[in-house]
Amino acid sequence: MTGIRRTLLWVVFTMSLVLLWDAWNAHTGQPTIFGGGARPAAQAPAPQPGDTAEPAAAGVPQAIAGAAPAAADGAAAAVPAAAGAPAAPGFESVTVTTDVVRATFDSRGGTLVGLELLGFEDAQEPGRPVRLMAQDGARVYLAQTGLITTRAGASLPNHLTPMSVRPGPRELAAGADEVSISFETTGADGITVVKTYTLPRGRYDITVTHELGNAGSETVEPQLYLQLARDGNPPPGESAFYFTFTGPAVYTEARKFQKIDFKDIAKGDARHERSADDGWIAMVQHYFTSAWLLPTPQPREFRTAKVGNDLFTVAMVTPLGVLEPGGSVTHRATLFAGPQYEYVLAALAPGLDLVKDYGWFTILSKPLFWLLWQLHEMIGNWGWSIVALVVLLKIAFYWLNASAYRSMAKMKAVGPRLTELRERYKDKPQQMQQEMMRIYREEKVNPLGGCLPILVQMPFFIALYWVLLSSVEMRNAPWIGWISDLSARDPWFILPVLMTASSLFQVWLNPRPPDPMQARLMWFMPLAFGIMFFFFPAGLVLYWLTNNILSIAQQWWINKRLGVLGK
């Protein structure tokens, strides 16, 4: 049995080292074991203005973003490449402001080229709001729309087409529920397009309306593409000690949530649903996301592509039907661009809340987040809500923990006898094991009794770990005193020091392993984990510290009752 305990300890320790190594590889852009792909290297060059091809002539795009079905005559409907250049001379840049966002549009294609979230402070630039979307020398992140067609030789307005901006307010007026901005153009084939963005008060879902008219003499069958373009770098300030996914995602009812790695797109090996009558596309990063949503049922195709130097797109294409000469059609879609508020996302579209990535523990994390949310509704402070949630979990597992701690206390009581046996029979391992088993039977001690109850609880506490790591509600949320942001590391390192000290105290309360190497490992593991926690968000360290304190209290009380305290 001692061998089994030793094996379990080595497995835990080895997995910890593997996870640390994996996180470091993800941070430096090396291949990773977990997390579905390596994090792009921080030094990777950002897309430059010359990275993406401009239209060759008359607005005809040169690059193809994603495979398209062949038309009857063999031609292909190609989604234009994403433009990575800043606004060119002659194009107008327009900014629209609401109470929660500041959105910047380019009259070239009526593209959303910048989006600031006014309620969230940038962790790297204090005093400045988070820039979710941008187009500058450091990064590219855009929302684009346009028209394509399978008819050979036809050219319809796309996101590279010059458009004029209709006059109107550029700021949400007091008492108004929304503000709109419209772009319009007429293509060479007489197709007129009016693209309107309607930004609501207090919300991050933007209604995007396309009004098409056919002033030409030929029938056309336009397809609308809704596209997100982004460079392959993680958001600035990402930690090397834990991995969060950055990249495109596709959702359908049939295949559910599908994350797509940038490296798979670059290799042409992106695996995702290609077509459906439902679903959406998104670009995901830690705490924030953007997503194009369509009404259902409505046919759509899903496409991904690398369209420039470290520049990637995910697109959704939907047919708009037959547009006869003199005819018109209006289409409405929704662009969400904002924080990953789980319940807001769930209300917008089926499965959209899954962009808040809980990993393998979603089935446990979701009810834990619901409970944390309810506690915050009562307490009003996320830090104290974390403490309260850990208290509730410890109460729920009280008797299971009590069984484990009683087993540990009994092991501690027989510890001196086991040590003496190891010395006496160090050259007779088989007889030593027999004598140990005899002592276990006489004292009614189960060597695994302290391990199994803890293993049962581990999934719940790992699930809570992912809840705290993924929840944007922790961002800029204060607790007490020096902890002004639960999503950032403790600026004075008080919580990590207390967490490490509490872990060491737990080792002292536990039975001393008879194997000297195993005993040294028991003392080394809290120190190794403690170093990691110096770089973890304060909310995660608070959760672990609270769990340690409650575990110590319960174990100390049981040890005292059984008379093994200090032995």
# chains A, B, ... in the order shown; residues from 1 in each chain; ligands from 1
>>> residues_around(residues="stretch 535-548 of chain A", least_positions_apart="4", cutoff="9 Å", atoms="only C-alpha atoms", output="PyMOL selection string")
chain A and resi 239-242+382-383+386-387+389-391+394+461+464-465+468-469+474+479+483+485-491+493+495-496+498-500+502-503+506+531+552-553
>>> write_last_selection(atoms="N, CA, C and O atoms", output="compact mmCIF listing (two decimals), in the first residue's frame")
# COMPACT_ATOMS: atom_id res chain seq x y z
N SER A 239 -0.37 35.24 -19.54
CA SER A 239 0.58 34.60 -18.63
C SER A 239 1.19 33.35 -19.26
O SER A 239 0.55 32.66 -20.06
N ALA A 240 2.45 33.07 -18.86
CA ALA A 240 3.12 31.85 -19.30
C ALA A 240 2.75 30.66 -18.43
O ALA A 240 3.12 29.53 -18.74
N PHE A 241 2.01 30.89 -17.34
CA PHE A 241 1.75 29.83 -16.36
C PHE A 241 0.37 29.21 -16.50
O PHE A 241 0.03 28.29 -15.78
N TYR A 242 -0.47 29.72 -17.39
CA TYR A 242 -1.73 29.07 -17.69
C TYR A 242 -2.12 29.43 -19.11
O TYR A 242 -1.80 30.50 -19.61
N TRP A 382 -17.03 40.11 -5.40
CA TRP A 382 -16.63 38.84 -6.00
C TRP A 382 -15.61 38.10 -5.14
O TRP A 382 -15.59 36.87 -5.10
N GLY A 383 -14.76 38.83 -4.43
CA GLY A 383 -13.78 38.18 -3.57
C GLY A 383 -14.44 37.40 -2.45
O GLY A 383 -14.14 36.22 -2.21
N ILE A 386 -16.16 34.33 -3.70
CA ILE A 386 -15.26 33.18 -3.87
C ILE A 386 -15.07 32.46 -2.54
O ILE A 386 -15.15 31.23 -2.46
N VAL A 387 -14.84 33.24 -1.48
CA VAL A 387 -14.67 32.65 -0.14
C VAL A 387 -15.92 31.87 0.25
O VAL A 387 -15.84 30.73 0.72
N LEU A 389 -18.20 30.55 -1.68
CA LEU A 389 -18.39 29.35 -2.51
C LEU A 389 -17.49 28.21 -2.03
O LEU A 389 -17.93 27.05 -1.97
N VAL A 390 -16.25 28.52 -1.68
CA VAL A 390 -15.36 27.48 -1.17
C VAL A 390 -15.89 26.93 0.15
O VAL A 390 -15.83 25.71 0.40
N VAL A 391 -16.44 27.81 0.99
CA VAL A 391 -17.03 27.35 2.26
C VAL A 391 -18.18 26.38 1.99
O VAL A 391 -18.28 25.32 2.62
N LYS A 394 -16.80 23.05 0.90
CA LYS A 394 -16.23 22.31 2.03
C LYS A 394 -17.33 21.72 2.90
O LYS A 394 -17.18 20.61 3.43
N PHE A 461 -12.94 21.08 -7.65
CA PHE A 461 -12.07 22.21 -7.40
C PHE A 461 -11.31 22.63 -8.66
O PHE A 461 -11.02 23.81 -8.85
N LEU A 464 -13.83 24.70 -10.50
CA LEU A 464 -13.91 26.04 -9.93
C LEU A 464 -12.71 26.88 -10.36
O LEU A 464 -12.84 28.09 -10.60
N TYR A 465 -11.56 26.25 -10.46
CA TYR A 465 -10.37 26.93 -10.97
C TYR A 465 -10.65 27.53 -12.35
O TYR A 465 -10.34 28.70 -12.61
N LEU A 468 -12.99 30.59 -12.23
CA LEU A 468 -12.34 31.83 -11.83
C LEU A 468 -11.38 32.33 -12.89
O LEU A 468 -11.21 33.54 -13.07
N LEU A 469 -10.74 31.43 -13.62
CA LEU A 469 -9.81 31.84 -14.66
C LEU A 469 -10.54 32.43 -15.87
O LEU A 469 -10.03 33.36 -16.50
N MET A 474 -14.34 38.73 -12.94
CA MET A 474 -13.21 38.91 -12.03
C MET A 474 -12.32 40.08 -12.45
O MET A 474 -11.55 40.60 -11.64
N TRP A 479 -11.32 43.16 -4.07
CA TRP A 479 -11.69 42.36 -2.90
C TRP A 479 -11.55 43.23 -1.66
O TRP A 479 -12.48 43.93 -1.29
N ILE A 483 -5.92 44.31 -2.81
CA ILE A 483 -6.40 43.53 -3.95
C ILE A 483 -7.48 44.33 -4.67
O ILE A 483 -8.64 44.33 -4.28
N ASP A 485 -7.86 44.05 -8.14
CA ASP A 485 -8.22 43.36 -9.37
C ASP A 485 -7.99 41.86 -9.16
O ASP A 485 -6.85 41.40 -9.09
N LEU A 486 -9.08 41.11 -9.06
CA LEU A 486 -8.98 39.67 -8.80
C LEU A 486 -8.43 38.90 -10.00
O LEU A 486 -8.04 37.74 -9.85
N SER A 487 -8.40 39.52 -11.18
CA SER A 487 -7.86 38.83 -12.36
C SER A 487 -6.37 39.08 -12.53
O SER A 487 -5.74 38.48 -13.41
N ALA A 488 -5.79 39.96 -11.72
CA ALA A 488 -4.36 40.26 -11.79
C ALA A 488 -3.64 39.62 -10.60
O ALA A 488 -4.27 39.29 -9.59
N ARG A 489 -2.35 39.46 -10.69
CA ARG A 489 -1.61 38.88 -9.59
C ARG A 489 -1.56 39.84 -8.41
O ARG A 489 -1.68 41.06 -8.56
N ASP A 490 -1.40 39.28 -7.22
CA ASP A 490 -1.31 40.06 -5.99
C ASP A 490 -0.09 40.98 -6.08
O ASP A 490 1.05 40.51 -6.19
N PRO A 491 -0.28 42.32 -6.05
CA PRO A 491 0.87 43.22 -6.25
C PRO A 491 1.90 43.12 -5.13
O PRO A 491 3.08 43.41 -5.34
N PHE A 493 2.18 40.20 -3.24
CA PHE A 493 2.46 38.76 -3.08
C PHE A 493 2.09 38.23 -1.69
O PHE A 493 2.65 37.22 -1.25
N LEU A 495 -0.99 37.05 -0.70
CA LEU A 495 -1.79 35.84 -0.84
C LEU A 495 -0.95 34.62 -1.24
O LEU A 495 -1.11 33.54 -0.66
N PRO A 496 -0.03 34.74 -2.22
CA PRO A 496 0.80 33.57 -2.54
C PRO A 496 1.66 33.09 -1.38
O PRO A 496 1.84 31.89 -1.18
N LEU A 498 0.96 33.43 1.85
CA LEU A 498 0.07 32.76 2.80
C LEU A 498 -0.37 31.39 2.28
O LEU A 498 -0.47 30.42 3.04
N MET A 499 -0.61 31.31 0.97
CA MET A 499 -1.02 30.03 0.38
C MET A 499 0.10 28.99 0.52
O MET A 499 -0.14 27.84 0.89
N THR A 500 1.33 29.41 0.23
CA THR A 500 2.46 28.49 0.35
C THR A 500 2.66 28.06 1.80
O THR A 500 2.88 26.87 2.09
N SER A 502 0.41 27.95 4.17
CA SER A 502 -0.69 27.06 4.58
C SER A 502 -0.49 25.66 4.01
O SER A 502 -0.80 24.66 4.66
N SER A 503 0.05 25.57 2.80
CA SER A 503 0.31 24.25 2.20
C SER A 503 1.39 23.51 2.98
O SER A 503 1.29 22.29 3.20
N GLN A 506 -0.08 22.16 6.13
CA GLN A 506 -0.84 20.94 5.86
C GLN A 506 0.07 19.73 5.81
O GLN A 506 -0.29 18.65 6.30
N ILE A 531 5.61 28.74 -6.05
CA ILE A 531 6.26 29.59 -7.05
C ILE A 531 5.31 29.90 -8.19
O ILE A 531 5.21 31.04 -8.67
N ILE A 552 -7.18 22.85 6.78
CA ILE A 552 -6.33 22.81 7.97
C ILE A 552 -7.18 22.78 9.23
O ILE A 552 -6.91 22.01 10.17
N ALA A 553 -8.22 23.63 9.27
CA ALA A 553 -9.07 23.68 10.45
C ALA A 553 -9.73 22.32 10.72
O ALA A 553 -9.76 21.84 11.86
>>> residues_around(residues="stretch 255-270 of chain A", least_positions_apart="4", cutoff="8 Å", atoms="only C-alpha atoms", output="ChimeraX atom specification")
/A:36-37,232,246-251,304-306,312,351,354
>>> write_last_selection(atoms="N, CA, C and O atoms", output="PDB file, in the first residue's frame")
ATOM      1  N   GLY A  36      -4.728  22.190 -27.237  1.00  0.00           N
ATOM      2  CA  GLY A  36      -5.094  22.224 -28.647  1.00  0.00           C
ATOM      3  C   GLY A  36      -4.208  23.060 -29.519  1.00  0.00           C
ATOM      4  O   GLY A  36      -4.618  23.528 -30.551  1.00  0.00           O
ATOM      5  N   GLY A  37      -2.978  23.313 -29.116  1.00  0.00           N
ATOM      6  CA  GLY A  37      -2.084  24.025 -30.003  1.00  0.00           C
ATOM      7  C   GLY A  37      -1.216  25.001 -29.284  1.00  0.00           C
ATOM      8  O   GLY A  37      -1.532  25.474 -28.207  1.00  0.00           O
ATOM      9  N   GLY A 232      -2.501  36.306 -35.631  1.00  0.00           N
ATOM     10  CA  GLY A 232      -2.440  35.071 -34.859  1.00  0.00           C
ATOM     11  C   GLY A 232      -1.784  35.186 -33.508  1.00  0.00           C
ATOM     12  O   GLY A 232      -1.444  34.156 -32.914  1.00  0.00           O
ATOM     13  N   THR A 246      -6.909  31.302 -27.904  1.00  0.00           N
ATOM     14  CA  THR A 246      -7.092  32.447 -28.784  1.00  0.00           C
ATOM     15  C   THR A 246      -7.230  31.926 -30.207  1.00  0.00           C
ATOM     16  O   THR A 246      -6.346  31.207 -30.690  1.00  0.00           O
ATOM     17  N   GLY A 247      -8.334  32.260 -30.874  1.00  0.00           N
ATOM     18  CA  GLY A 247      -8.505  31.814 -32.249  1.00  0.00           C
ATOM     19  C   GLY A 247      -9.958  31.748 -32.665  1.00  0.00           C
ATOM     20  O   GLY A 247     -10.863  32.083 -31.893  1.00  0.00           O
ATOM     21  N   PRO A 248     -10.219  31.294 -33.904  1.00  0.00           N
ATOM     22  CA  PRO A 248     -11.592  31.208 -34.411  1.00  0.00           C
ATOM     23  C   PRO A 248     -12.353  30.039 -33.804  1.00  0.00           C
ATOM     24  O   PRO A 248     -11.763  29.073 -33.293  1.00  0.00           O
ATOM     25  N   ALA A 249     -13.663  30.113 -33.883  1.00  0.00           N
ATOM     26  CA  ALA A 249     -14.537  29.025 -33.454  1.00  0.00           C
ATOM     27  C   ALA A 249     -15.762  29.003 -34.358  1.00  0.00           C
ATOM     28  O   ALA A 249     -16.200  30.038 -34.872  1.00  0.00           O
ATOM     29  N   VAL A 250     -16.294  27.800 -34.556  1.00  0.00           N
ATOM     30  CA  VAL A 250     -17.517  27.593 -35.336  1.00  0.00           C
ATOM     31  C   VAL A 250     -18.466  26.773 -34.482  1.00  0.00           C
ATOM     32  O   VAL A 250     -18.045  25.843 -33.788  1.00  0.00           O
ATOM     33  N   TYR A 251     -19.742  27.113 -34.540  1.00  0.00           N
ATOM     34  CA  TYR A 251     -20.757  26.351 -33.795  1.00  0.00           C
ATOM     35  C   TYR A 251     -21.899  25.972 -34.728  1.00  0.00           C
ATOM     36  O   TYR A 251     -22.395  26.807 -35.509  1.00  0.00           O
ATOM     37  N   THR A 304     -12.573  29.137 -43.342  1.00  0.00           N
ATOM     38  CA  THR A 304     -11.405  29.695 -42.663  1.00  0.00           C
ATOM     39  C   THR A 304     -10.266  29.776 -43.665  1.00  0.00           C
ATOM     40  O   THR A 304     -10.196  29.000 -44.617  1.00  0.00           O
ATOM     41  N   ALA A 305      -9.343  30.727 -43.447  1.00  0.00           N
ATOM     42  CA  ALA A 305      -8.228  30.884 -44.384  1.00  0.00           C
ATOM     43  C   ALA A 305      -7.122  31.709 -43.743  1.00  0.00           C
ATOM     44  O   ALA A 305      -7.363  32.513 -42.831  1.00  0.00           O
ATOM     45  N   LYS A 306      -5.917  31.483 -44.215  1.00  0.00           N
ATOM     46  CA  LYS A 306      -4.800  32.389 -43.943  1.00  0.00           C
ATOM     47  C   LYS A 306      -4.680  33.301 -45.147  1.00  0.00           C
ATOM     48  O   LYS A 306      -4.481  32.837 -46.272  1.00  0.00           O
ATOM     49  N   PHE A 312      -5.412  35.815 -40.344  1.00  0.00           N
ATOM     50  CA  PHE A 312      -6.341  34.706 -40.540  1.00  0.00           C
ATOM     51  C   PHE A 312      -7.775  35.225 -40.553  1.00  0.00           C
ATOM     52  O   PHE A 312      -8.084  36.257 -39.948  1.00  0.00           O
ATOM     53  N   GLY A 351     -25.641  28.106 -27.741  1.00  0.00           N
ATOM     54  CA  GLY A 351     -24.238  27.704 -27.670  1.00  0.00           C
ATOM     55  C   GLY A 351     -23.235  28.824 -27.631  1.00  0.00           C
ATOM     56  O   GLY A 351     -22.033  28.575 -27.486  1.00  0.00           O
ATOM     57  N   LEU A 354     -20.573  29.110 -24.943  1.00  0.00           N
ATOM     58  CA  LEU A 354     -19.449  28.186 -24.917  1.00  0.00           C
ATOM     59  C   LEU A 354     -18.133  28.850 -25.298  1.00  0.00           C
ATOM     60  O   LEU A 354     -17.061  28.238 -25.121  1.00  0.00           O
TER      61      LEU A 354
END
>>> residues_around(residues="stretch 96-111 of chain A", least_positions_apart="4", cutoff="7 Å", atoms="only C-alpha atoms", output="list in words")
Ala87, Phe91, Glu92, Leu115, Glu116, Leu117, Leu118, Gly119, Ala143, Gln144, Asn158, His159, Leu160, Thr161, Pro162, Met163, Ser164, Val165, Arg170, Glu171, Leu172, Phe183, Arg201 and Gly202 of chain A
>>> residues_around(residues="A:Asp277", least_positions_apart="5", cutoff="9 Å", atoms="only C-alpha atoms", output="ChimeraX atom specification")
/A:252,296-301
>>> closest_residue(among="A:Gln374, A:Gln555, A:Thr196, A:Ser275", to="A:Ala388", atoms="only C-alpha atoms")
A:Gln374
>>> atom_distance(atom1="atom CA of A:Ala282", atom2="atom CA of A:Pro350")
13.0 Å
>>> atom_distance(atom1="atom CA of A:Leu212", atom2="atom CA of A:Met316")
18.4 Å
>>> select_by_dssp(residues="stretch 253-453 of chain A", states="alpha helix (DSSP H)", output="ChimeraX atom specification")
/A:262-266,342-348,362-379,382-396,398-413,415-424,429-443,452-453
>>> atom_distance(atom1="atom CA of A:Tyr197", atom2="atom CA of A:Ser182")
6.4 Å
>>> residues_around(residues="A:Pro169", least_positions_apart="3", cutoff="8 Å", atoms="only C-alpha atoms", output="list in words")
Leu172, Val179, Ser180 and Ile181 of chain A
>>> write_last_selection(atoms="N, CA and C atoms", output="tab-separated table (two decimals), in the first residue's frame")
chain	number	residue	atom	x	y	z
A	172	LEU	N	-24.23	58.47	-29.12
A	172	LEU	CA	-25.54	58.13	-28.56
A	172	LEU	C	-26.07	59.32	-27.76
A	179	VAL	N	-27.84	54.32	-31.73
A	179	VAL	CA	-27.30	55.25	-32.71
A	179	VAL	C	-26.86	54.42	-33.91
A	180	SER	N	-27.03	54.97	-35.12
A	180	SER	CA	-26.74	54.21	-36.33
A	180	SER	C	-25.77	54.97	-37.23
A	181	ILE	N	-25.05	54.20	-38.06
A	181	ILE	CA	-24.19	54.77	-39.09
A	181	ILE	C	-24.38	53.93	-40.35
>>> select_by_dssp(residues="stretch 115-302 of chain A", states="strand (DSSP E or B)", output="PyMOL selection string")
chain A and resi 115-121+129-135+140-148+162+164-165+171+178-186+191-200+205-214+220+223-231+247-252+256-259+275-276+280-284+288-293+300-302
>>> residues_around(residues="A:Lys356", least_positions_apart="5", cutoff="8 Å", atoms="only C-alpha atoms", output="PyMOL selection string")
chain A and resi 287+340+342+470-471
>>> write_last_selection(atoms="N, CA, C and O atoms", output="PDB file, in the first residue's frame")
ATOM      1  N   TYR A 287     -11.413  36.333 -21.927  1.00  0.00           N
ATOM      2  CA  TYR A 287     -12.398  37.295 -21.399  1.00  0.00           C
ATOM      3  C   TYR A 287     -13.308  37.926 -22.456  1.00  0.00           C
ATOM      4  O   TYR A 287     -14.417  38.357 -22.121  1.00  0.00           O
ATOM      5  N   GLN A 340     -17.262  38.297 -22.295  1.00  0.00           N
ATOM      6  CA  GLN A 340     -17.900  36.985 -22.262  1.00  0.00           C
ATOM      7  C   GLN A 340     -18.798  36.860 -21.024  1.00  0.00           C
ATOM      8  O   GLN A 340     -18.537  36.062 -20.126  1.00  0.00           O
ATOM      9  N   GLU A 342     -21.597  35.258 -19.531  1.00  0.00           N
ATOM     10  CA  GLU A 342     -22.134  33.950 -19.895  1.00  0.00           C
ATOM     11  C   GLU A 342     -23.629  33.983 -20.205  1.00  0.00           C
ATOM     12  O   GLU A 342     -24.080  33.445 -21.222  1.00  0.00           O
ATOM     13  N   SER A 470     -11.735  31.927 -16.169  1.00  0.00           N
ATOM     14  CA  SER A 470     -12.427  32.302 -17.405  1.00  0.00           C
ATOM     15  C   SER A 470     -13.419  33.448 -17.242  1.00  0.00           C
ATOM     16  O   SER A 470     -13.837  34.033 -18.246  1.00  0.00           O
ATOM     17  N   SER A 471     -13.823  33.763 -16.039  1.00  0.00           N
ATOM     18  CA  SER A 471     -14.928  34.708 -15.834  1.00  0.00           C
ATOM     19  C   SER A 471     -14.449  36.152 -15.913  1.00  0.00           C
ATOM     20  O   SER A 471     -13.640  36.604 -15.089  1.00  0.00           O
TER      21      SER A 471
END
>>> closest_residue(among="A:Leu455, A:Leu320, A:Ala138, A:Met437", to="A:Pro236", atoms="only C-alpha atoms")
A:Ala138
